[in-house]
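A.B. asks: Structure in structure tokens, see below.
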Amino acid sequence: MILFRAIFLELLNPFGMTLVVMTCLLMMEKVYRLVSLVVDNRLNPGEVGLMLIYLVPQVLVITLPLSVVGAVFVTVIRQSMDSEVISLRASGRSLFNYALPFVVFGLLITVFSSSITMWLAPLASRKYQDLQVEMVRWRAEEKIQPGSYNFDFGNKVIRVGGRSKENGLEEVFIADRKQTPSSPVIIANQGWIEVDENERQVIFRLQSGHVLSPGESGDNFREVKFEALRYVLDYAPATRIRLRKQSVRSWSELRADLEGATRSNARRNILLEMYKRMTLPWACMALALAALPMAIMDPRSGRGAGYVRAVFLIGGYFVAWAAFKDLVASGRASANALWLPVLLITLYGILRLWQINADLESVWGILRRPAGRASNVKNERKKQ
């Protein structure tokens with residue numbers, strides 16, 4: 001119990017330091033992108049700060065497995081260089097006994113990561129997208145001023161003649177900023193800016209108007225009248241809102257969507273999202289098991305080789321997981337294939353730990369060991 005507590009507590013410090021450093025590094029790109037939005041679009045810095053907070057759970061899902069590997073390698077390499085692992089084995093203890101605190105540590109981080117992927121990350125993504133939509137709605141209401149042209153919504157030019165008492169807009173004009181032979185022009189008598197909660201879109205509800213589109217010759221226009229028109233507003237921070245609908249769904253909502261999905265593509269996308277949330281946290285446990293035997297080294301060797309192996313371990317795992325994810329997304333593999341990288345890296349860790357504990361130099365030695373033991377038994381019997 002003393003050994004377990006000592007190793008477990010030693011893991012906390014490198015884990016925390018690695019987690020903070022890796023999270024800050026991965027957040028730098030998002031910080032730069034959001035800061036550019038503040039400068040270019042004069043956004044509220046407070047709202048941008050909330051957007052950063054909502055992005056943290058998505059980053060933690062990636063940095064938690066990296067931090068587990070970093071903590072295991074730093075701890076085991078330090079203990080190997082100080083001959084603590086050799087002393088432990090000389091006392092007759094098994095490496096599986098030594099691995100127990102690492103397994104428990106990996107399991108606890110897996111549970112914590114599962115709570116993020118199952119609950120916190122979808123909630124944060126929903127808040128993030130809601131804030132983006134609210135920013136678009138606020139921009140539309142505040143920036144579209146009567147009598148002036150607005151160029152803040154994609155490639156569109158918007159002009160309104162005035163405002164009504166019901167917080168509506170009158171004499172609405174919408175056209176492409178760069179006119180092409182196929183560019184339509186929308187003119188409406190009235191319009192209202194609303195938020196579609198289901199689709200998470202900011203839309204223009206236009207009434208009593210017509211759409212002018214160029215004719216085949218390009219010299220005249222065709223006029224199509226409408227009584228009501230639903231026009232979606234576009235804005236740079238919200239261009240990807242509609243592309244990640246599954247990420248904001250809770251686990252119960254995903255299960256309901258799966259039961260109601262009839263198309264194979266829709267079912268595949270839902271299953272992919274569900275299996276991503278299940279398999280990503282278990283990378284913490286799998287990588288902890290694989291990192292432990294890889295970090296054990298001879299005290300006379302250098303530390304650099306151990307950290308190089310850590311980089312290859314992390315890179316190899318996530319490359320394999322991304323490859324299987326692409327296979328599932330393209331329909332060439334079942335969603336269960338996402339479990340294969342987790343199972344393979346776990347089996348590799350257990351096999352390597354047993355190999356080192358049995359003092360076998362290679363996997364070939366593992367395969368030959370039963371035959372060798374049988375021959376030794378026969379020789380001893382002959383001698384007797």
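By order of appearance in the structure tokens: chains A, B, ..., then residues from 1 within every chain, and ligands from 1 in the order shown.
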Using DSSP on the backbone coordinates, identify the residues of stretch 86-305 of chain A assigned to strand (DSSP E); present them as a CSV table (one decimal) with C-alpha atoms, in the first residue's frame.

C.D. replies:
```
chain,number,residue,atom,x,y,z
A,149,TYR,CA,-25.7,49.5,-47.0
A,150,ASN,CA,-24.4,46.6,-44.8
A,156,LYS,CA,-24.2,39.9,-49.5
A,157,VAL,CA,-25.2,43.6,-49.5
A,158,ILE,CA,-28.2,44.4,-47.3
A,159,ARG,CA,-30.1,47.7,-47.2
A,162,GLY,CA,-36.7,51.9,-42.1
A,163,ARG,CA,-37.9,50.1,-39.0
A,169,LEU,CA,-37.6,46.1,-41.0
A,170,GLU,CA,-39.2,47.8,-44.0
A,171,GLU,CA,-38.1,48.0,-47.7
A,172,VAL,CA,-35.5,45.2,-47.5
A,173,PHE,CA,-33.0,44.9,-50.3
A,174,ILE,CA,-30.6,41.9,-50.6
A,175,ALA,CA,-28.1,41.3,-53.4
A,176,ASP,CA,-24.6,39.8,-54.0
A,185,VAL,CA,-31.8,40.4,-56.2
A,186,ILE,CA,-34.4,40.2,-53.4
A,187,ILE,CA,-36.7,43.0,-52.6
A,188,ALA,CA,-39.3,42.7,-49.8
A,189,ASN,CA,-41.7,45.1,-48.2
A,190,GLN,CA,-41.2,43.8,-44.6
A,191,GLY,CA,-38.8,41.5,-42.7
A,192,TRP,CA,-38.0,40.3,-39.3
A,193,ILE,CA,-34.7,38.9,-37.9
A,194,GLU,CA,-35.3,35.7,-35.9
A,195,VAL,CA,-33.3,32.7,-34.5
A,196,ASP,CA,-34.3,29.2,-35.5
A,201,GLN,CA,-29.6,29.7,-37.7
A,202,VAL,CA,-30.2,33.4,-37.9
A,203,ILE,CA,-32.8,34.0,-40.6
A,204,PHE,CA,-34.6,36.9,-42.3
A,205,ARG,CA,-38.4,36.4,-42.4
A,206,LEU,CA,-39.3,38.4,-45.5
A,207,GLN,CA,-42.9,39.1,-46.6
A,208,SER,CA,-44.6,40.6,-49.6
A,209,GLY,CA,-41.7,40.8,-52.1
A,210,HIS,CA,-40.2,39.5,-55.3
A,211,VAL,CA,-37.0,38.0,-56.5
A,212,LEU,CA,-35.3,39.3,-59.6
A,213,SER,CA,-33.0,36.9,-61.4
A,214,PRO,CA,-31.3,37.4,-64.8
A,221,PHE,CA,-34.8,39.9,-65.5
A,222,ARG,CA,-37.4,37.3,-64.4
A,223,GLU,CA,-39.6,38.3,-61.5
A,224,VAL,CA,-40.9,35.8,-59.0
A,225,LYS,CA,-43.3,37.1,-56.4
A,226,PHE,CA,-43.5,35.7,-52.9
A,227,GLU,CA,-45.7,36.2,-49.8
A,228,ALA,CA,-43.1,34.7,-47.4
A,229,LEU,CA,-39.4,33.9,-47.8
A,230,ARG,CA,-37.0,32.4,-45.3
A,231,TYR,CA,-33.5,33.8,-45.9
A,232,VAL,CA,-30.5,32.5,-43.9
```

A.B. asks: Mind checking which residues fall within 7 Å of A:Thr346, counting only C-alpha atoms, ignoring those fewer than 6 positions away in the same chain, and posting them as a list in words?

C.D. replies: Ala286, Leu289 and Ala290 of chain A

A.B. asks: If you keep C-alpha atoms, can you produce a file of those selected residues as a short mmCIF file (atom, residue, chain, number, x, y, z; two decimals), in the first residue's frame?

C.D. replies:
```
data_model
loop_
_atom_site.label_atom_id
_atom_site.label_comp_id
_atom_site.auth_asym_id
_atom_site.auth_seq_id
_atom_site.Cartn_x
_atom_site.Cartn_y
_atom_site.Cartn_z
CA ALA A 286 -4.65 1.89 -23.09
CA LEU A 289 -0.57 0.32 -20.06
CA ALA A 290 1.52 0.68 -23.22
#
```

A.B. asks: Which residues, written as a ChimeraX atom specification, have at least one atom at most 10 Å from A:Val72, with only C-alpha atoms counted and residues fewer than 6 positions away on the same chain left out?

C.D. replies: /A:7,10-12,14-15,78,102,105-106,287-295,310

A.B. asks: Residues at most 9 Å from stretch 353-362 of chain A, counting only C-alpha atoms, excluding those fewer than 3 positions away in the same chain, as an MDAnalysis selection string?

C.D. replies: chainID A and resid 89 94:96 99 289:290 292:294 296 348:350 365:366 369

A.B. asks: Excluding A:Asn155 and any residue of its chain fewer than 4 positions from it, enumerate the residues within 8 Å of it, using only C-alpha atoms, and give them as a count of residues only.

C.D. replies: 4

A.B. asks: So that I can check the surroundings of stretch 311-315 of chain A, please list as a PyMOL selection string every protein, DNA and RNA residue that reaches within 8 Å of it, counting only C-alpha atoms and ignoring chain neighbours fewer than 2 positions away.

C.D. replies: chain A and resi 66+69+287+291+307-309+317-319

A.B. asks: Restricting it to C-alpha atoms, dump the selection as an mmCIF file, in the first residue's frame.

C.D. replies:
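As a result, result-v1.cif now contains:
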```
data_model
loop_
_atom_site.group_PDB
_atom_site.id
_atom_site.type_symbol
_atom_site.label_atom_id
_atom_site.label_comp_id
_atom_site.auth_asym_id
_atom_site.auth_seq_id
_atom_site.Cartn_x
_atom_site.Cartn_y
_atom_site.Cartn_z
ATOM 1 C CA LEU A 66 -1.214 12.887 -23.891
ATOM 2 C CA VAL A 69 1.572 9.216 -21.350
ATOM 3 C CA LEU A 287 -1.798 4.378 -23.396
ATOM 4 C CA ALA A 291 3.682 3.513 -21.875
ATOM 5 C CA TYR A 307 10.862 10.279 -24.675
ATOM 6 C CA VAL A 308 11.263 9.541 -28.393
ATOM 7 C CA ARG A 309 9.345 6.296 -27.820
ATOM 8 C CA TYR A 317 -2.092 5.533 -31.652
ATOM 9 C CA PHE A 318 -3.870 8.655 -32.896
ATOM 10 C CA VAL A 319 -2.896 8.005 -36.522
#
```

A.B. asks: Select, from A:Leu64, A:Val248, A:Met135, A:Leu347, the residue with the minimum atom-to-atom distance to A:Met17, counting only C-alpha atoms.

C.D. replies: A:Leu64

A.B. asks: Would you mind reading off the distance between atom CA of A:Glu47 and atom CA of A:Trp138, one decimal, in Å?

C.D. replies: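 Atom-to-atom, atom CA of A:Glu47 and atom CA of A:Trp138 are spaced 12.0 Å apart.
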
A.B. asks: Nearest to A:Leu120: which of A:Ile86, A:Leu108, A:Gln132, A:Tyr54 is it, counting only C-alpha atoms?

C.D. replies: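 Answer, going by the shortest atom-to-atom distance: A:Tyr54.
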
A.B. asks: What does the distance between atom CA of A:Gly316 and atom CA of A:Pro299 come to in Å, to one decimal place?

C.D. replies: 26.3 Å

A.B. asks: Please list as number ranges by chain every residue within 12 Å of A:Met27, counting only C-alpha atoms and excluding residues in the same chain fewer than 5 positions away.

C.D. replies: A: 19-22, 32-35, 51-60, 62-63

A.B. asks: Please write the residues from the selection above to a file, keeping C-alpha atoms, as a compact mmCIF listing (two decimals), in the first residue's frame.

C.D. replies:
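What follows is the written file out_7.txt:
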```
# COMPACT_ATOMS: atom_id res chain seq x y z
CA LEU A 19 -1.97 18.81 -19.08
CA VAL A 20 -1.58 22.57 -18.62
CA VAL A 21 1.21 22.89 -21.20
CA MET A 22 -0.48 20.76 -23.86
CA TYR A 32 -5.39 33.59 -32.44
CA ARG A 33 -8.47 32.94 -34.55
CA LEU A 34 -10.87 34.44 -32.01
CA VAL A 35 -8.62 37.45 -31.35
CA MET A 51 -16.18 31.03 -26.52
CA LEU A 52 -12.68 30.06 -25.38
CA ILE A 53 -14.06 28.53 -22.19
CA TYR A 54 -16.57 26.51 -24.21
CA LEU A 55 -13.76 25.17 -26.40
CA VAL A 56 -11.69 23.84 -23.47
CA PRO A 57 -13.61 20.51 -23.06
CA GLN A 58 -12.99 19.64 -26.72
CA VAL A 59 -9.27 20.21 -26.21
CA LEU A 60 -9.16 18.24 -22.94
CA ILE A 62 -7.14 15.14 -26.69
CA THR A 63 -4.74 16.44 -24.03
```

A.B. asks: For the helix (DSSP H, G or I) assignment from backbone DSSP, which residues of stretch 70-292 of chain A qualify? Please present them as a VMD selection string.

C.D. replies: chain A and resid 70 to 81 84 to 90 95 to 143 236 to 238 241 to 243 246 to 248 251 to 260 264 to 292

A.B. asks: Enter the distance from atom CA of A:Ala256 to atom CA of A:Leu107, in Å, rounded to one decimal.

C.D. replies: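 Going from atom CA of A:Ala256 over to atom CA of A:Leu107, I get 29.1 Å.
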